[in-house]
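Asker: Sharing target09.csv here; it has CSV, C-alpha atoms and all ligand atoms.
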```csv
chain,number,residue,atom,x,y,z
A,1,MET,CA,-30.8,30.0,-17.3
A,2,THR,CA,-28.0,31.9,-15.6
A,3,LEU,CA,-24.4,31.7,-16.6
A,4,ILE,CA,-23.7,29.7,-13.4
A,5,ASP,CA,-26.6,27.3,-14.2
A,6,ARG,CA,-25.1,26.8,-17.7
A,7,ASP,CA,-21.7,26.2,-16.3
A,8,ALA,CA,-23.1,23.8,-13.7
A,9,ALA,CA,-24.9,21.9,-16.4
A,10,PHE,CA,-21.7,21.5,-18.4
A,11,TRP,CA,-19.7,20.2,-15.4
A,12,ASN,CA,-22.5,18.0,-14.1
A,13,LYS,CA,-22.6,16.3,-17.5
A,14,ILE,CA,-18.8,15.6,-17.7
A,15,ALA,CA,-18.3,14.8,-14.0
A,16,PRO,CA,-18.2,10.9,-14.4
A,17,LYS,CA,-15.8,11.2,-17.3
A,18,TYR,CA,-13.7,13.7,-15.4
A,19,ALA,CA,-13.6,11.3,-12.4
A,20,ALA,CA,-12.5,8.5,-14.6
A,21,GLY,CA,-9.8,10.5,-16.4
A,22,ARG,CA,-6.1,10.4,-15.8
A,23,ILE,CA,-4.1,13.5,-14.6
A,24,ALA,CA,-2.2,14.5,-17.7
A,25,ASP,CA,1.0,15.4,-15.9
A,26,MET,CA,1.1,13.4,-12.7
A,27,ALA,CA,4.6,14.5,-11.7
A,28,GLY,CA,3.6,18.2,-12.2
A,29,TYR,CA,0.4,17.7,-10.2
A,30,GLU,CA,2.3,16.0,-7.3
A,31,ARG,CA,4.8,18.8,-7.2
A,32,SER,CA,1.9,21.3,-6.8
A,33,VAL,CA,0.3,19.2,-4.1
A,34,ASP,CA,3.6,18.8,-2.2
A,35,ARG,CA,4.3,22.5,-2.5
A,36,THR,CA,0.8,23.2,-1.1
A,37,ARG,CA,1.3,20.8,1.8
A,38,GLY,CA,4.5,22.5,2.7
A,39,LEU,CA,2.7,25.8,3.1
A,40,LEU,CA,0.1,24.4,5.4
A,41,THR,CA,0.2,23.2,9.1
A,42,SER,CA,-1.7,20.6,11.1
A,43,SER,CA,-3.8,23.4,12.7
A,44,ASP,CA,-5.0,25.0,9.5
A,45,VAL,CA,-8.6,25.3,8.3
A,46,VAL,CA,-8.5,25.4,4.5
A,47,LEU,CA,-11.1,26.2,1.8
A,48,GLU,CA,-10.8,24.7,-1.7
A,49,ILE,CA,-13.0,26.3,-4.4
A,50,GLY,CA,-13.8,24.4,-7.6
A,51,CYS,CA,-12.6,21.2,-6.0
A,52,GLY,CA,-14.0,18.9,-8.7
A,53,THR,CA,-14.1,15.3,-7.6
A,54,GLY,CA,-12.1,16.1,-4.4
A,55,THR,CA,-8.7,14.6,-5.4
A,56,THR,CA,-6.6,17.5,-4.2
A,57,ALA,CA,-8.8,18.2,-1.1
A,58,LEU,CA,-8.4,14.6,0.0
A,59,ALA,CA,-4.7,14.6,-0.7
A,60,ILE,CA,-4.3,17.7,1.5
A,61,ALA,CA,-6.7,16.8,4.3
A,62,PRO,CA,-4.5,14.4,6.3
A,63,GLY,CA,-2.0,17.2,7.0
A,64,ILE,CA,-4.4,19.9,8.2
A,65,ARG,CA,-7.2,20.3,10.7
A,66,ARG,CA,-10.2,20.7,8.4
A,67,ILE,CA,-10.9,21.2,4.7
A,68,VAL,CA,-14.1,22.7,3.3
A,69,ALA,CA,-14.2,22.0,-0.4
A,70,THR,CA,-16.8,23.5,-2.8
A,71,ASP,CA,-17.7,23.2,-6.4
A,72,LEU,CA,-20.6,24.5,-8.5
A,73,SER,CA,-21.3,21.1,-9.8
A,74,GLU,CA,-23.5,18.8,-7.7
A,75,ALA,CA,-22.3,15.8,-9.6
A,76,MET,CA,-18.6,16.6,-8.8
A,77,ILE,CA,-19.5,17.1,-5.2
A,78,ALA,CA,-21.4,13.8,-5.0
A,79,ILE,CA,-18.3,11.9,-6.4
A,80,ALA,CA,-16.0,13.8,-3.9
A,81,ARG,CA,-18.2,12.8,-1.0
A,82,GLU,CA,-18.1,9.2,-2.0
A,83,LYS,CA,-14.3,9.3,-2.4
A,84,ALA,CA,-14.0,10.9,1.1
A,85,GLN,CA,-15.6,7.9,2.7
A,86,ALA,CA,-12.5,5.9,1.7
A,87,VAL,CA,-10.2,8.2,3.6
A,88,PRO,CA,-10.4,7.6,7.3
A,89,GLY,CA,-9.4,10.1,10.0
A,90,ILE,CA,-9.8,13.3,8.1
A,91,ASP,CA,-12.2,16.3,8.6
A,92,ALA,CA,-13.4,17.1,5.1
A,93,HIS,CA,-16.7,18.8,4.3
A,94,PHE,CA,-17.9,19.0,0.6
A,95,ALA,CA,-20.6,21.4,-0.5
A,96,VAL,CA,-22.0,22.9,-3.7
A,97,GLY,CA,-21.0,26.5,-4.1
A,98,THR,CA,-18.9,29.1,-5.8
A,99,ALA,CA,-16.4,31.5,-4.3
A,100,GLU,CA,-19.2,33.9,-3.5
A,101,THR,CA,-21.4,31.3,-1.8
A,102,SER,CA,-18.7,29.1,-0.1
A,103,PRO,CA,-19.1,28.9,3.7
A,104,GLU,CA,-17.3,31.4,5.8
A,105,VAL,CA,-15.6,30.5,9.1
A,106,ASP,CA,-15.0,32.6,12.2
A,107,GLY,CA,-11.7,34.4,11.9
A,108,GLY,CA,-11.3,33.4,8.3
A,109,TYR,CA,-9.5,30.4,6.6
A,110,ASP,CA,-5.8,30.0,6.9
A,111,ALA,CA,-5.6,29.3,3.2
A,112,VAL,CA,-7.9,29.1,0.1
A,113,LEU,CA,-7.0,26.8,-2.8
A,114,ALA,CA,-8.2,27.3,-6.4
A,115,PHE,CA,-6.7,24.8,-8.8
A,116,ASN,CA,-7.7,24.9,-12.4
A,117,LEU,CA,-10.5,27.3,-11.7
A,118,LEU,CA,-9.7,31.0,-12.1
A,119,HIS,CA,-9.9,30.8,-16.0
A,120,LEU,CA,-13.4,29.3,-15.7
A,121,VAL,CA,-15.1,32.1,-13.7
A,122,HIS,CA,-17.0,34.9,-15.5
A,123,ASP,CA,-16.0,37.7,-13.0
A,124,ARG,CA,-12.5,37.0,-11.8
A,125,ALA,CA,-12.3,40.3,-9.8
A,126,ALA,CA,-15.4,39.3,-7.9
A,127,THR,CA,-14.1,35.8,-7.3
A,128,LEU,CA,-10.8,37.2,-6.0
A,129,ARG,CA,-12.6,39.6,-3.7
A,130,ALA,CA,-14.9,36.8,-2.3
A,131,ILE,CA,-11.8,34.6,-1.7
A,132,ARG,CA,-10.1,37.5,0.1
A,133,HIS,CA,-13.1,38.1,2.3
A,134,ARG,CA,-12.9,34.4,3.4
A,135,LEU,CA,-9.2,34.5,4.3
A,136,LYS,CA,-7.9,35.5,7.7
A,137,ALA,CA,-5.5,38.4,7.9
A,138,GLY,CA,-2.3,37.2,6.3
A,139,GLY,CA,-4.0,34.0,4.9
A,140,LEU,CA,-2.8,32.5,1.7
A,141,LEU,CA,-4.5,32.0,-1.7
A,142,ILE,CA,-2.8,29.1,-3.5
A,143,THR,CA,-3.8,28.8,-7.1
A,144,LYS,CA,-2.8,26.9,-10.2
A,145,THR,CA,-4.3,28.3,-13.3
A,146,PRO,CA,-3.9,27.7,-17.0
A,147,ALA,CA,-2.7,31.0,-18.6
A,148,LEU,CA,-4.5,30.5,-21.9
A,149,ALA,CA,-2.9,33.6,-23.5
A,150,GLU,CA,0.4,31.6,-23.4
A,151,MET,CA,-1.1,28.6,-25.2
A,152,ASN,CA,-0.9,27.6,-28.8
A,153,LEU,CA,-3.1,29.8,-31.0
A,154,LEU,CA,-4.9,26.8,-32.5
A,155,ILE,CA,-6.0,25.7,-29.0
A,156,ARG,CA,-7.3,29.2,-28.3
A,157,LEU,CA,-9.2,29.3,-31.5
A,158,ALA,CA,-10.7,25.9,-31.0
A,159,ILE,CA,-12.1,26.6,-27.5
A,160,PRO,CA,-15.0,28.9,-28.6
A,161,LEU,CA,-15.9,26.5,-31.4
A,162,MET,CA,-16.0,23.6,-28.9
A,163,ARG,CA,-18.0,25.6,-26.5
A,164,ALA,CA,-20.6,26.4,-29.2
A,165,ILE,CA,-21.2,22.6,-29.5
A,166,GLY,CA,-21.2,22.0,-25.8
A,167,LYS,CA,-17.8,20.3,-25.7
A,168,ALA,CA,-15.9,23.0,-23.7
A,169,PRO,CA,-16.7,25.2,-20.8
A,170,PHE,CA,-16.6,28.9,-20.6
A,171,VAL,CA,-13.0,30.0,-20.3
A,172,SER,CA,-11.3,33.4,-20.3
A,173,THR,CA,-7.9,34.1,-21.8
A,174,PHE,CA,-5.2,35.9,-19.8
A,175,SER,CA,-1.4,35.6,-19.1
A,176,ALA,CA,0.3,34.8,-15.8
A,177,SER,CA,1.4,38.4,-15.5
A,178,ASP,CA,-2.2,39.6,-16.1
A,179,LEU,CA,-3.3,37.3,-13.2
A,180,GLU,CA,-0.6,38.6,-10.9
A,181,ALA,CA,-1.6,42.2,-11.7
A,182,GLU,CA,-5.3,41.3,-10.9
A,183,LEU,CA,-4.2,39.8,-7.6
A,184,ALA,CA,-2.4,43.0,-6.6
A,185,VAL,CA,-5.5,45.1,-7.4
A,186,ALA,CA,-7.7,42.7,-5.4
A,187,GLY,CA,-5.6,43.2,-2.3
A,188,TYR,CA,-3.0,40.3,-2.4
A,189,ALA,CA,0.7,40.3,-2.2
A,190,VAL,CA,2.1,37.7,-4.7
A,191,LEU,CA,4.8,35.8,-2.8
A,192,ALA,CA,5.8,33.3,-5.5
A,193,ALA,CA,4.8,32.4,-9.1
A,194,GLU,CA,6.1,29.0,-10.2
A,195,ARG,CA,5.6,26.4,-12.9
A,196,HIS,CA,5.5,22.8,-11.8
A,197,GLY,CA,5.0,20.9,-15.1
A,198,SER,CA,7.4,18.0,-15.9
A,199,LYS,CA,7.1,18.6,-19.6
A,200,ARG,CA,8.9,21.2,-21.7
A,201,TRP,CA,6.4,24.0,-21.3
A,202,ASP,CA,3.8,24.3,-18.6
A,203,PRO,CA,1.2,27.1,-19.3
A,204,ARG,CA,-0.2,26.7,-15.8
A,205,THR,CA,1.0,29.3,-13.3
A,206,PHE,CA,1.2,28.2,-9.6
A,207,ILE,CA,0.8,31.3,-7.5
A,208,ILE,CA,1.1,31.8,-3.8
A,209,ALA,CA,-0.5,35.1,-2.7
A,210,ARG,CA,-1.0,36.5,0.8
A,211,LYS,CA,-4.0,38.6,1.8
A,212,ALA,CA,-2.5,42.0,2.1
A,213,GLU,CA,-3.4,44.3,5.0
A,214,ASP,CA,-4.8,46.9,2.8
A,215,GLY,CA,-7.2,46.4,-0.1
A,216,THR,CA,-10.9,45.7,-0.6
A,217,ASP,CA,-12.6,43.2,1.7
A,218,GLN,CA,-16.0,42.7,0.3
A,219,PRO,CA,-18.2,39.5,0.4
A,301,LIG,C1,-11.0,21.8,-14.5
A,301,LIG,S1,-12.0,21.3,-13.1
A,301,LIG,C2,-10.7,21.4,-11.8
A,301,LIG,C3,-11.1,20.5,-10.6
A,301,LIG,C4,-10.0,20.4,-9.6
A,301,LIG,N1,-9.8,21.7,-8.9
A,301,LIG,C5,-8.8,19.9,-10.2
A,301,LIG,O1,-7.8,20.7,-10.3
A,301,LIG,O2,-8.8,18.8,-10.7
A,301,LIG,C6,-12.9,22.8,-12.8
A,301,LIG,C7,-13.9,22.6,-11.7
A,301,LIG,O3,-14.4,23.9,-11.3
A,301,LIG,C8,-15.7,23.9,-11.2
A,301,LIG,N2,-16.2,25.2,-11.5
A,301,LIG,C9,-16.3,25.9,-12.7
A,301,LIG,N3,-16.8,27.1,-12.5
A,301,LIG,C10,-16.9,27.3,-11.2
A,301,LIG,C11,-17.3,28.4,-10.4
A,301,LIG,N4,-17.6,29.6,-10.9
A,301,LIG,N5,-17.3,28.3,-9.1
A,301,LIG,C12,-17.0,27.1,-8.5
A,301,LIG,N6,-16.6,26.0,-9.2
A,301,LIG,C13,-16.6,26.1,-10.5
A,301,LIG,C14,-16.2,22.8,-12.2
A,301,LIG,O4,-17.5,22.3,-11.8
A,301,LIG,C15,-15.1,21.8,-12.1
A,301,LIG,O5,-15.3,20.9,-11.1
```
Spell out the structure here as structure tokens.
Ligand SMILES: C[S@@+](CC[C@H](N)C(=O)[O-])C[C@H]1O[C@@H](n2cnc3c(N)ncnc32)[C@H](O)[C@@H]1O

Answerer:
Amino acid sequence: MTLIDRDAAFWNKIAPKYAAGRIADMAGYERSVDRTRGLLTSSDVVLEIGCGTGTTALAIAPGIRRIVATDLSEAMIAIAREKAQAVPGIDAHFAVGTAETSPEVDGGYDAVLAFNLLHLVHDRAATLRAIRHRLKAGGLLITKTPALAEMNLLIRLAIPLMRAIGKAPFVSTFSASDLEAELAVAGYAVLAAERHGSKRWDPRTFIIARKAEDGTDQP
């Protein structure tokens, strides 16, 4: 079983519970969605990676031309496709895939979204390169990512134990500034790094990064 198969098995198993769950900080989530909408235009073609059950893709879709949304979990994608049927007049395509296997479009995407995903991938540098490859020149990567290095030590210690008993996914620990440095190395210019949480401390960094002219552009 590959790492990706193992991850997919975890997310397939929890997909129904994930779909039924509440967003913990709805005000913070809405702020991120509004900020994202404000960066997009009605002619944009957008890719979302790690789309889960499609909540964000379907919230963004009415304001853009087309959204392609992918996730490694077949069960998540099945739920997203079902939810999409209830949203008329949008062009949304859901498919199983990772950053490396997501569909490419001629000329590249105007923007790629990765919400609550980058801490879950095993090779973040490869993921950032694959996203960059799918963006048009000057296109935006918009990402919201838990910076686990900034979280409570107890939570960080509990995650590997929970993973050992199948109750948590693979996660990697890094700070927001680590991620910004990785983005620069991968050929992005970080335009903004924000926190949108409505509670006292939000460990999730919301980053807007533009595909820089120079840098590696590998599939
Ligand atoms: C925490 S959920 C976030 C879902 C959605 N983006 C959101 O913000 O609600 C993480 C999602 O990423 C997917 N995922 C995990 N690893 C992935 C990978 N390497 N490539 C693509 N999707 C992945 C999981 O299947 C899951 O649906």

Asker: Residues near Arg31 in chain A, anyone? I mean within 12 Å using only C-alpha atoms, not counting same-chain ones fewer than 3 positions away, as a ChimeraX atom specification.

Answerer: /A:25-28,34-38,56,144,194-198,206

Asker: I'd like the neighbourhood of Arg22 in chain A as an mmCIF file with C-alpha atoms, keeping the file's coordinate frame, where a residue qualifies if any of its atoms comes within 12 Å (using all atoms listed in the file), though same-chain residues fewer than 5 positions away should be ignored.

Answerer:
```cif
data_model
loop_
_atom_site.group_PDB
_atom_site.id
_atom_site.type_symbol
_atom_site.label_atom_id
_atom_site.label_comp_id
_atom_site.auth_asym_id
_atom_site.auth_seq_id
_atom_site.Cartn_x
_atom_site.Cartn_y
_atom_site.Cartn_z
ATOM 1 C CA LYS A 17 -15.800 11.200 -17.300
ATOM 2 C CA TYR A 29 0.400 17.700 -10.200
ATOM 3 C CA THR A 55 -8.700 14.600 -5.400
#
```

Asker: Using all atoms listed in the file, which residues have at least one atom no more than 8 Å from ligand LIG 301 (chain A)? Output them as a ChimeraX atom specification.

Answerer: /A:4,7-8,10-12,15,48-56,70-73,76,97-99,114-117,120-122,127,144

Asker: For CA of Glu100 in chain A and CA of Met162 in chain A, determine how far apart the two atoms are, in Å to one decimal place.

Answerer: 27.6 Å

Asker: Pick out the residues sitting within 12 Å of Leu141 in chain A, and hand them over as a PyMOL selection string; count only C-alpha atoms, and ignore anything fewer than 4 positions along from it in its own chain.

Answerer: chain A and resi 36+39-40+46-49+109-115+118+127-137+180+183+186-193+206-212

Asker: Which range 101-204 of chain A residues have any atom within 9 Å of an atom of range 87-96 of chain A, and for each, what is the nearest pair of atoms with distance in Å to one decimal, counting all atoms listed in the file, rows sorted by chain and number, as CSV?

Answerer:
```
residue,atom,partner,partner_atom,distance
A:Thr101,CA,A:Val96,CA,8.6
A:Ser102,CA,A:Val96,CA,7.9
A:Pro103,CA,A:Ala95,CA,8.7
```

Asker: Scan for residues within 8 Å of the point (-11.6, 28.5, -21.7) in the coordinates of the file, using all atoms listed in the file, and reply as an MDAnalysis selection string.

Answerer: chainID A and resid 119:120 148 156 159:160 168:173

Asker: How would the residues just picked look written out with C-alpha atoms as a compact mmCIF listing (two decimals), in the coordinates of the input?

Answerer:
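Written out: selection_1.txt:
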```txt
# COMPACT_ATOMS: atom_id res chain seq x y z
CA HIS A 119 -9.90 30.80 -16.00
CA LEU A 120 -13.40 29.30 -15.70
CA LEU A 148 -4.50 30.50 -21.90
CA ARG A 156 -7.30 29.20 -28.30
CA ILE A 159 -12.10 26.60 -27.50
CA PRO A 160 -15.00 28.90 -28.60
CA ALA A 168 -15.90 23.00 -23.70
CA PRO A 169 -16.70 25.20 -20.80
CA PHE A 170 -16.60 28.90 -20.60
CA VAL A 171 -13.00 30.00 -20.30
CA SER A 172 -11.30 33.40 -20.30
CA THR A 173 -7.90 34.10 -21.80
```

Asker: Where does range 119-166 of chain A meet range 202-205 of chain A within 9 Å, residue by residue, with the nearest atom pair and distance in Å to one decimal for each, counting all atoms listed in the file, listed by chain and rising number, as a tab-separated table?

Answerer:
```
residue	atom	partner	partner_atom	distance
A:Thr143	CA	A:Thr205	CA	7.9
A:Lys144	CA	A:Thr205	CA	5.5
A:Thr145	CA	A:Arg204	CA	5.1
A:Pro146	CA	A:Arg204	CA	4.0
A:Ala147	CA	A:Pro203	CA	5.6
A:Leu148	CA	A:Pro203	CA	7.1
A:Ala149	CA	A:Pro203	CA	8.8
A:Glu150	CA	A:Pro203	CA	6.1
A:Met151	CA	A:Pro203	CA	6.5
```

Asker: Report, in Å with one decimal, the straight-line distance from CA of Leu140 in chain A to CA of Glu213 in chain A.

Answerer: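 Separation between CA of Leu140 in chain A and CA of Glu213 in chain A: 12.3 Å.
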
Asker: With all atoms listed in the file as the basis for distance, which of A:Val185, A:Ala75, A:Val33, A:Ile23 is at the shortest distance from Ala57 in chain A?

Answerer: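 Between A:Val185, A:Ala75, A:Val33, A:Ile23, the residue approaching Ala57 in chain A most closely is A:Val33.
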
Asker: Please measure the separation of CA of Glu182 in chain A and CA of Asp123 in chain A, giving the value in Å to one decimal.

Answerer: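 Separating CA of Glu182 in chain A from CA of Asp123 in chain A is a distance of 11.5 Å.
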